[in-house]
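Data block for data14.txt (compact mmCIF, C-alpha atoms and all ligand atoms):
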# COMPACT_ATOMS: atom_id res chain seq x y z
CA MET U 20 -30.66 5.64 -4.10
CA ASP U 21 -28.50 7.94 -1.92
CA GLN U 22 -25.75 9.80 -3.79
CA TYR U 23 -22.33 10.57 -2.29
CA TYR U 24 -19.36 12.24 -3.97
CA LEU U 25 -15.69 13.10 -3.74
CA LEU U 26 -14.98 16.73 -4.72
CA GLY U 27 -11.47 18.02 -5.50
CA SER U 28 -8.82 17.97 -8.18
CA PRO U 29 -7.34 15.65 -9.27
CA VAL U 30 -9.71 12.89 -8.14
CA ALA U 31 -9.74 10.43 -11.05
CA HIS U 32 -7.24 8.01 -9.41
CA SER U 33 -8.74 8.12 -5.90
CA LEU U 34 -9.41 4.78 -4.19
CA SER U 35 -12.32 6.32 -2.23
CA PRO U 36 -15.05 5.22 -4.72
CA ALA U 37 -13.85 1.60 -4.49
CA MET U 38 -13.72 1.78 -0.68
CA MET U 39 -17.16 3.40 -0.29
CA ASN U 40 -19.02 1.46 -2.99
CA TYR U 41 -17.64 -1.86 -1.69
CA SER U 42 -18.82 -0.93 1.84
CA PHE U 43 -22.29 0.21 0.68
CA GLU U 44 -22.71 -3.06 -1.20
CA GLN U 45 -21.43 -5.24 1.67
CA GLN U 46 -23.80 -3.59 4.13
CA GLY U 47 -26.83 -3.61 1.81
CA ILE U 48 -27.01 0.21 1.70
CA ASP U 49 -28.69 1.59 -1.44
CA ALA U 50 -26.11 4.27 -2.25
CA ARG U 51 -23.53 5.22 -4.85
CA TYR U 52 -20.24 7.20 -4.51
CA SER U 53 -18.76 9.04 -7.51
CA VAL U 54 -16.08 11.68 -8.12
CA ILE U 55 -16.46 15.27 -9.34
CA ASP U 56 -13.30 17.08 -10.49
CA VAL U 57 -13.62 20.62 -9.17
CA LYS U 58 -11.22 23.42 -8.22
CA GLU U 59 -11.86 26.44 -5.97
CA ASP U 60 -13.32 28.64 -8.72
CA ARG U 61 -16.31 26.28 -9.24
CA ILE U 62 -16.86 24.84 -5.76
CA GLY U 63 -19.76 27.21 -4.90
CA GLU U 64 -21.61 26.33 -8.10
CA VAL U 65 -21.09 22.57 -7.64
CA VAL U 66 -22.24 22.66 -4.00
CA ARG U 67 -25.41 24.60 -4.98
CA LYS U 68 -26.16 21.89 -7.55
CA LEU U 69 -25.59 19.07 -5.04
CA ARG U 70 -27.86 20.79 -2.51
CA ALA U 71 -30.59 21.16 -5.17
CA GLU U 72 -30.24 17.52 -6.27
CA GLY U 73 -30.51 16.33 -2.67
CA ALA U 74 -27.13 14.57 -2.58
CA SER U 75 -26.73 12.91 0.84
CA GLY U 76 -23.12 13.95 1.43
CA TRP U 77 -19.64 14.29 0.00
CA ASN U 78 -15.97 14.07 0.77
CA VAL U 79 -13.72 16.98 -0.07
CA THR U 80 -10.04 16.80 -0.91
CA MET U 81 -7.34 19.24 -2.07
CA PRO U 82 -7.60 22.04 -3.10
CA VAL U 83 -11.13 22.79 -1.84
CA LYS U 84 -11.11 21.80 1.86
CA HIS U 85 -10.91 25.39 3.13
CA ALA U 86 -13.42 26.73 0.55
CA MET U 87 -15.85 24.00 1.64
CA SER U 88 -15.57 25.06 5.28
CA LEU U 89 -16.96 28.49 4.27
CA LEU U 90 -20.01 26.94 2.56
CA CYS U 91 -21.26 24.80 5.49
CA ASP U 92 -24.10 25.75 7.83
CA GLU U 93 -22.44 24.10 10.84
CA LEU U 94 -18.89 22.92 11.51
CA SER U 95 -17.47 20.31 13.89
CA THR U 96 -15.01 21.65 16.48
CA ALA U 97 -12.05 20.21 14.54
CA SER U 98 -13.25 21.81 11.27
CA GLU U 99 -13.81 25.14 12.92
CA ILE U 100 -10.32 25.21 14.47
CA GLY U 101 -8.60 24.04 11.27
CA GLY U 102 -10.76 26.02 8.82
CA SER U 103 -11.03 22.83 6.78
CA VAL U 104 -13.72 20.29 5.87
CA ASN U 105 -13.27 16.87 4.27
CA THR U 106 -16.73 15.41 4.94
CA VAL U 107 -20.14 16.99 4.43
CA LEU U 108 -23.44 15.58 5.63
CA HIS U 109 -26.48 17.09 3.85
CA ARG U 110 -29.48 16.63 6.10
CA ASP U 111 -32.80 18.54 6.32
CA GLY U 112 -31.48 21.21 3.96
CA LYS U 113 -28.38 21.94 6.07
CA LEU U 114 -24.71 21.22 5.36
CA TYR U 115 -22.76 19.85 8.34
CA GLY U 116 -18.97 19.96 7.87
CA TYR U 117 -16.50 17.61 9.54
CA THR U 118 -12.84 16.76 9.25
CA THR U 119 -12.02 13.06 9.56
CA ASP U 120 -8.28 13.03 8.63
CA GLY U 121 -7.28 13.31 12.28
CA ILE U 122 -9.84 10.69 13.36
CA GLY U 123 -8.42 8.40 10.65
CA ILE U 124 -5.02 8.30 12.30
CA THR U 125 -6.15 8.29 15.94
CA ASP U 126 -8.45 5.33 15.14
CA ALA U 127 -5.59 3.58 13.30
CA LEU U 128 -3.27 4.08 16.28
CA ALA U 129 -5.93 2.75 18.67
CA ARG U 130 -6.34 -0.34 16.46
CA ALA U 131 -2.56 -0.82 16.60
CA GLY U 132 -2.71 -0.80 20.41
CA GLU U 133 -1.19 2.71 20.66
CA PRO U 134 -4.05 4.95 21.79
CA VAL U 135 -3.38 8.68 21.58
CA PRO U 136 -5.18 9.66 24.83
CA GLY U 137 -2.53 10.02 27.53
CA SER U 138 0.37 9.53 25.08
CA SER U 139 3.33 11.75 24.38
CA VAL U 140 3.55 12.52 20.66
CA THR U 141 6.21 13.98 18.34
CA LEU U 142 4.54 15.33 15.20
CA LEU U 143 6.59 16.26 12.13
CA GLY U 144 4.83 18.84 9.93
CA THR U 145 2.38 21.72 10.04
CA GLY U 146 0.55 21.34 6.68
CA GLY U 147 -3.04 20.29 6.06
CA ALA U 148 -2.69 16.70 7.28
CA ALA U 149 -0.43 17.57 10.23
CA SER U 150 -2.83 20.32 11.38
CA ALA U 151 -5.77 17.90 11.34
CA ILE U 152 -3.70 15.41 13.35
CA LEU U 153 -2.59 18.05 15.87
CA ILE U 154 -6.20 19.14 16.42
CA GLN U 155 -7.64 15.63 16.80
CA ALA U 156 -4.78 14.37 19.02
CA ALA U 157 -5.24 17.36 21.34
CA LEU U 158 -9.06 17.00 21.40
CA ASP U 159 -8.59 13.27 22.14
CA GLY U 160 -6.34 14.06 25.13
CA ALA U 161 -2.73 13.31 24.17
CA SER U 162 -0.60 14.17 27.22
CA ASP U 163 1.73 16.35 25.14
CA ILE U 164 2.49 17.03 21.48
CA THR U 165 5.75 18.48 20.18
CA VAL U 166 5.28 19.80 16.66
CA PHE U 167 8.29 20.30 14.38
CA ALA U 168 7.93 23.12 11.84
CA ASN U 169 10.05 23.62 8.74
CA ARG U 170 9.66 27.38 8.21
CA PRO U 171 8.95 30.25 10.65
CA ALA U 172 5.61 30.97 8.89
CA SER U 173 4.61 27.32 9.41
CA ALA U 174 5.56 27.52 13.10
CA ALA U 175 3.33 30.61 13.44
CA HIS U 176 0.45 28.73 11.76
CA ALA U 177 0.83 25.81 14.20
CA GLU U 178 1.00 28.25 17.13
CA ARG U 179 -2.32 29.82 16.04
CA ILE U 180 -3.93 26.36 16.07
CA ALA U 181 -2.38 25.59 19.47
CA GLU U 182 -3.83 28.85 20.85
CA LYS U 183 -7.33 27.81 19.72
CA LEU U 184 -6.87 24.36 21.29
CA ARG U 185 -5.67 25.57 24.71
CA PRO U 186 -9.15 26.42 26.12
CA LEU U 187 -10.48 23.04 24.90
CA SER U 188 -7.70 20.63 25.83
CA ASP U 189 -5.18 19.98 28.63
CA THR U 190 -2.63 18.67 26.09
CA LYS U 191 0.71 20.50 26.35
CA ILE U 192 1.60 21.69 22.85
CA ARG U 193 5.10 22.91 21.96
CA ILE U 194 6.22 24.13 18.54
CA ARG U 195 9.90 23.51 17.78
CA SER U 196 12.23 23.86 14.81
CA TYR U 197 14.36 21.09 13.30
CA LYS U 198 17.23 23.59 13.52
CA GLU U 199 17.14 23.85 17.34
CA PRO U 200 20.14 21.80 18.49
CA GLY U 201 19.06 18.63 20.31
CA ALA U 202 15.30 19.43 20.11
CA LEU U 203 14.32 16.52 17.88
CA ARG U 204 16.43 13.95 19.77
CA GLU U 205 15.06 15.17 23.11
CA SER U 206 11.43 15.08 21.94
CA LEU U 207 11.76 11.59 20.47
CA ALA U 208 13.44 10.25 23.61
CA GLN U 209 10.40 11.39 25.63
CA SER U 210 7.73 10.30 23.12
CA ARG U 211 5.66 7.17 22.83
CA ILE U 212 4.44 7.95 19.28
CA LEU U 213 6.18 9.60 16.31
CA ILE U 214 3.90 10.79 13.51
CA GLN U 215 5.59 11.80 10.25
CA ALA U 216 3.05 14.10 8.55
CA THR U 217 5.15 15.94 5.94
CA SER U 218 5.55 15.09 2.27
CA ILE U 219 9.20 14.05 2.86
CA GLY U 220 9.67 10.39 1.96
CA MET U 221 7.25 10.47 -0.97
CA ARG U 222 9.94 11.40 -3.48
CA THR U 223 13.64 10.70 -3.61
CA ALA U 224 16.27 12.71 -1.74
CA GLU U 225 17.42 14.26 -5.05
CA GLN U 226 13.94 15.69 -5.68
CA ASN U 227 13.37 16.97 -2.15
CA GLY U 228 16.77 17.70 -0.63
CA THR U 229 16.17 14.93 1.91
CA ASP U 230 14.09 11.74 2.03
CA CYS U 231 13.89 11.42 5.82
CA LEU U 232 13.63 14.09 8.53
CA ILE U 233 15.14 11.81 11.19
CA PRO U 234 18.93 12.00 10.69
CA ASP U 235 19.69 8.39 11.74
CA ALA U 236 18.35 5.39 13.67
CA SER U 237 20.03 6.49 16.91
CA TYR U 238 17.23 9.09 17.27
CA LEU U 239 14.66 6.28 17.65
CA HIS U 240 14.11 3.97 20.62
CA ALA U 241 12.49 0.53 20.57
CA GLY U 242 9.49 1.72 22.63
CA LEU U 243 8.56 4.34 20.02
CA TYR U 244 5.63 3.64 17.67
CA VAL U 245 6.46 5.18 14.29
CA TYR U 246 3.60 6.19 12.00
CA ASP U 247 4.43 7.62 8.56
CA ILE U 248 1.27 9.02 6.94
CA ILE U 249 2.78 8.46 3.48
CA TYR U 250 1.65 5.22 1.82
CA HIS U 251 3.29 5.59 -1.58
CA PRO U 252 5.94 4.20 -1.43
CA ALA U 253 4.66 1.68 1.11
CA GLU U 254 8.12 1.52 2.73
CA THR U 255 9.48 5.05 3.14
CA PRO U 256 13.08 5.64 4.31
CA LEU U 257 11.62 6.42 7.77
CA ILE U 258 9.74 3.10 7.93
CA LYS U 259 12.95 1.31 6.91
CA MET U 260 14.89 3.15 9.64
CA ALA U 261 12.19 2.39 12.24
CA LYS U 262 12.42 -1.33 11.46
CA GLU U 263 16.22 -1.20 11.85
CA ALA U 264 15.79 0.49 15.24
CA GLY U 265 13.36 -2.25 16.37
CA CYS U 266 10.33 0.08 16.49
CA ARG U 267 6.79 -1.01 15.72
CA CYS U 268 5.70 1.02 12.72
CA GLU U 269 3.02 1.52 10.09
CA ASN U 270 2.47 3.50 6.88
CA GLY U 271 -0.46 5.78 5.99
CA TYR U 272 -2.87 3.23 4.49
CA SER U 273 -4.70 2.77 7.78
CA MET U 274 -5.17 6.54 8.11
CA LEU U 275 -6.56 6.72 4.57
CA ILE U 276 -9.03 3.92 5.31
CA GLY U 277 -9.73 5.31 8.79
CA GLN U 278 -10.74 8.75 7.50
CA GLY U 279 -13.04 7.06 4.96
CA ALA U 280 -14.50 4.84 7.68
CA ALA U 281 -15.21 7.93 9.81
CA SER U 282 -17.01 9.62 6.87
CA PHE U 283 -19.00 6.41 6.27
CA ARG U 284 -20.04 6.40 9.95
CA ILE U 285 -21.14 10.08 9.80
CA TRP U 286 -23.28 9.39 6.71
CA THR U 287 -24.75 5.98 7.48
CA GLY U 288 -24.32 5.43 11.22
CA CYS U 289 -22.61 2.12 10.33
CA GLY U 290 -19.04 0.98 10.96
CA MET U 291 -16.86 0.07 7.96
CA ASN U 292 -15.11 -3.30 7.95
CA VAL U 293 -11.64 -1.72 7.69
CA GLU U 294 -9.64 -4.96 7.56
CA GLU U 295 -11.79 -6.35 4.74
CA VAL U 296 -11.64 -3.03 2.84
CA ARG U 297 -7.87 -3.00 3.19
CA ARG U 298 -7.58 -6.53 1.75
CA ARG U 299 -10.06 -5.96 -1.08
CA VAL U 300 -9.38 -2.40 -2.18
CA PHE U 301 -5.79 -1.50 -1.35
CA PRO U 302 -2.62 -2.99 -2.80
CA SER U 303 -0.61 -5.00 -0.24
P1 LIG V 401 0.94 20.05 2.77
O1 LIG V 401 -0.21 20.77 3.38
O2 LIG V 401 1.53 20.55 1.51
O3 LIG V 401 2.11 19.98 3.90
C1 LIG V 401 3.40 19.51 3.60
C2 LIG V 401 4.23 19.55 4.88
O4 LIG V 401 5.55 19.05 4.55
C3 LIG V 401 4.42 20.95 5.45
O5 LIG V 401 4.40 20.90 6.86
C4 LIG V 401 5.80 21.34 4.94
O6 LIG V 401 6.44 22.30 5.73
C5 LIG V 401 6.50 19.99 5.07
N1 LIG V 401 7.72 19.97 4.29
C6 LIG V 401 7.87 20.09 2.94
N2 LIG V 401 9.19 20.07 2.61
C7 LIG V 401 9.87 19.96 3.78
C8 LIG V 401 11.26 19.89 4.11
N3 LIG V 401 12.21 19.92 3.16
N4 LIG V 401 11.61 19.76 5.42
C9 LIG V 401 10.66 19.69 6.39
N5 LIG V 401 9.33 19.76 6.14
C10 LIG V 401 8.95 19.89 4.86
O7 LIG V 401 0.56 18.52 2.50
P2 LIG V 401 -0.45 17.58 3.32
O8 LIG V 401 -1.77 17.60 2.68
O9 LIG V 401 -0.33 17.90 4.77
O10 LIG V 401 0.18 16.14 3.00
C11 LIG V 401 1.45 15.75 3.47
C12 LIG V 401 1.73 14.31 3.05
O11 LIG V 401 0.81 13.45 3.68
C13 LIG V 401 1.57 14.05 1.55
O12 LIG V 401 2.62 13.20 1.17
C14 LIG V 401 0.24 13.35 1.42
O13 LIG V 401 0.20 12.45 0.34
C15 LIG V 401 0.16 12.59 2.74
N6 LIG V 401 -1.21 12.41 3.23
C16 LIG V 401 -1.59 11.16 3.61
C17 LIG V 401 -2.87 10.95 4.11
C18 LIG V 401 -3.33 9.57 4.53
O14 LIG V 401 -4.55 9.35 4.63
N7 LIG V 401 -2.43 8.66 4.79
C19 LIG V 401 -3.77 12.03 4.22
C20 LIG V 401 -3.34 13.31 3.83
C21 LIG V 401 -2.05 13.49 3.33
P3 LIG V 401 6.58 23.82 5.20
O15 LIG V 401 5.26 24.23 4.67
O16 LIG V 401 6.96 24.58 6.43
O17 LIG V 401 7.65 23.80 4.16
Would you write out, as structure tokens, the structure that this file holds?
Ligand code: NAP
Amino acid sequence: MDQYYLLGSPVAHSLSPAMMNYSFEQQGIDARYSVIDVKEDRIGEVVRKLRAEGASGWNVTMPVKHAMSLLCDELSTASEIGGSVNTVLHRDGKLYGYTTDGIGITDALARAGEPVPGSSVTLLGTGGAASAILIQAALDGASDITVFANRPASAAHAERIAEKLRPLSDTKIRIRSYKEPGALRESLAQSRILIQATSIGMRTAEQNGTDCLIPDASYLHAGLYVYDIIYHPAETPLIKMAKEAGCRCENGYSMLIGQGAASFRIWTGCGMNVEEVRRRVFPS
């Protein structure tokens, strides 16, 4: 039986084992997916053990995505640019590292009839998830991406990624600040897709200072597709606002399933039945 794992901490409440084991079973694949709680100080030791045992592959979540990128023999272009790995394929004694978070959302947008290639995108955030999305959207050929950064250090981080992408992609990438007067309204007016990839919206305004980075519904237009990568709560203040503005919109469940489906494809060569997995594994 092939063994697959999720490494990170905390991992006990992850829905990935249910998603993967259901898909292995449905497709008659003799494999099992389990979790291993591990932080950065033990990742090297755990990976050595998995290599020795002949584990077929593993997913990697916070806080060990960067550490994992340093332990792989080969990295995908997206992993190399982002310095981050969330999927490892162990084949013929070598570790191949990939990042599927960005693929998860670009696949979800394509399924929603909003393909990223050729589209103009406003991206809120510069953290781990936002960086993966920026990289994949540029590699996939978005026409332009305007990234909004919270702090100057975060803007510099996004600029370093943009620099690495420029030789590989024709996508125009601009890094802006929320504080620049008119910048957010102007970007949204010209965009086809808004991706909210910060942690704002997960907790209440009292806990975070704000619960929505878009000041009011007048910033949105009905032709804008609004994707909030947060899925808990299922209806964030941004999703509520998007509905009021008449926008088509979606929360982050499809990205979560999409990144798992991309890992499943890397390991098995098979597609995951994402609609069925969503119905069976995820709360409605
Ligand atoms: P992260 O690396 O910690 O990044 C958090 C981002 O939020 C940073 O860009 C940060 O900007 C920004 N931010 C925090 N407070 C802010 C504020 N007051 N104003 C503006 N921006 C602010 O986290 P992550 O891993 O990218 O995850 C972000 C969210 O996405 C989490 O809620 C996570 O649960 C969710 N997520 C969903 C999926 C999915 O599959 N749907 C996948 C991954 C993550 P600064 O650093 O500049 O403050």
May I have the protein, DNA and RNA residues with an atom at most 7 Å from (-16.3, 20.6, 12.4), counting all atoms listed in the file in the file's coordinates, returned as a PyMOL selection string?
-> chain U and resi 94-99+116-118
Residues within 10 Å of (-20.3, 13.7, -0.7), counting only C-alpha atoms, listed as a ChimeraX atom specification = /U:22-26,51-55,66,69,74-79,105-109,282,286
Residue neighbourhood segment 154-162 of chain U, 10 Å, all atoms listed in the file, exclusion window fewer than 4 positions, as a PyMOL selection string | chain U and resi 96-98+100-101+118-125+134-140+149-150+177+180-181+183-185+187-192
Residues within 8 Å of ligand LIG 401 (chain V), counting only C-alpha atoms and all ligand atoms, as a PyMOL selection string = chain U and resi 81+120+123-124+143-150+168-174+197+216-221+227-229+232+247-251+270-278
Adding 4 Å on each side of the box along x, y and z that holds all listed atoms of segment 103-120 of chain U, could you give its centre and edge lengths in Å to one decimal, as lines of an AutoDock Vina configuration file?
center_x = -20.5
center_y = 17.9
center_z = 6.7
size_x = 32.5
size_y = 17.8
size_z = 13.7
How many Å separate atom CA of Ile285 of chain U from atom CA of Glu133 of chain U?
->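 Taking atom CA of Ile285 of chain U and atom CA of Glu133 of chain U, their separation equals 23.9 Å.
Distances to Gly242 of chain U were evaluated for U:Val57, U:Leu213, U:Leu142, U:Ala127 using all atoms listed in the file, and the minimum falls at U:Leu213.
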May I ask for the distance between atom CA of Met260 of chain U and atom CA of Gln215 of chain U, given in Å to one decimal place?
->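 Separation between atom CA of Met260 of chain U and atom CA of Gln215 of chain U: 12.7 Å.
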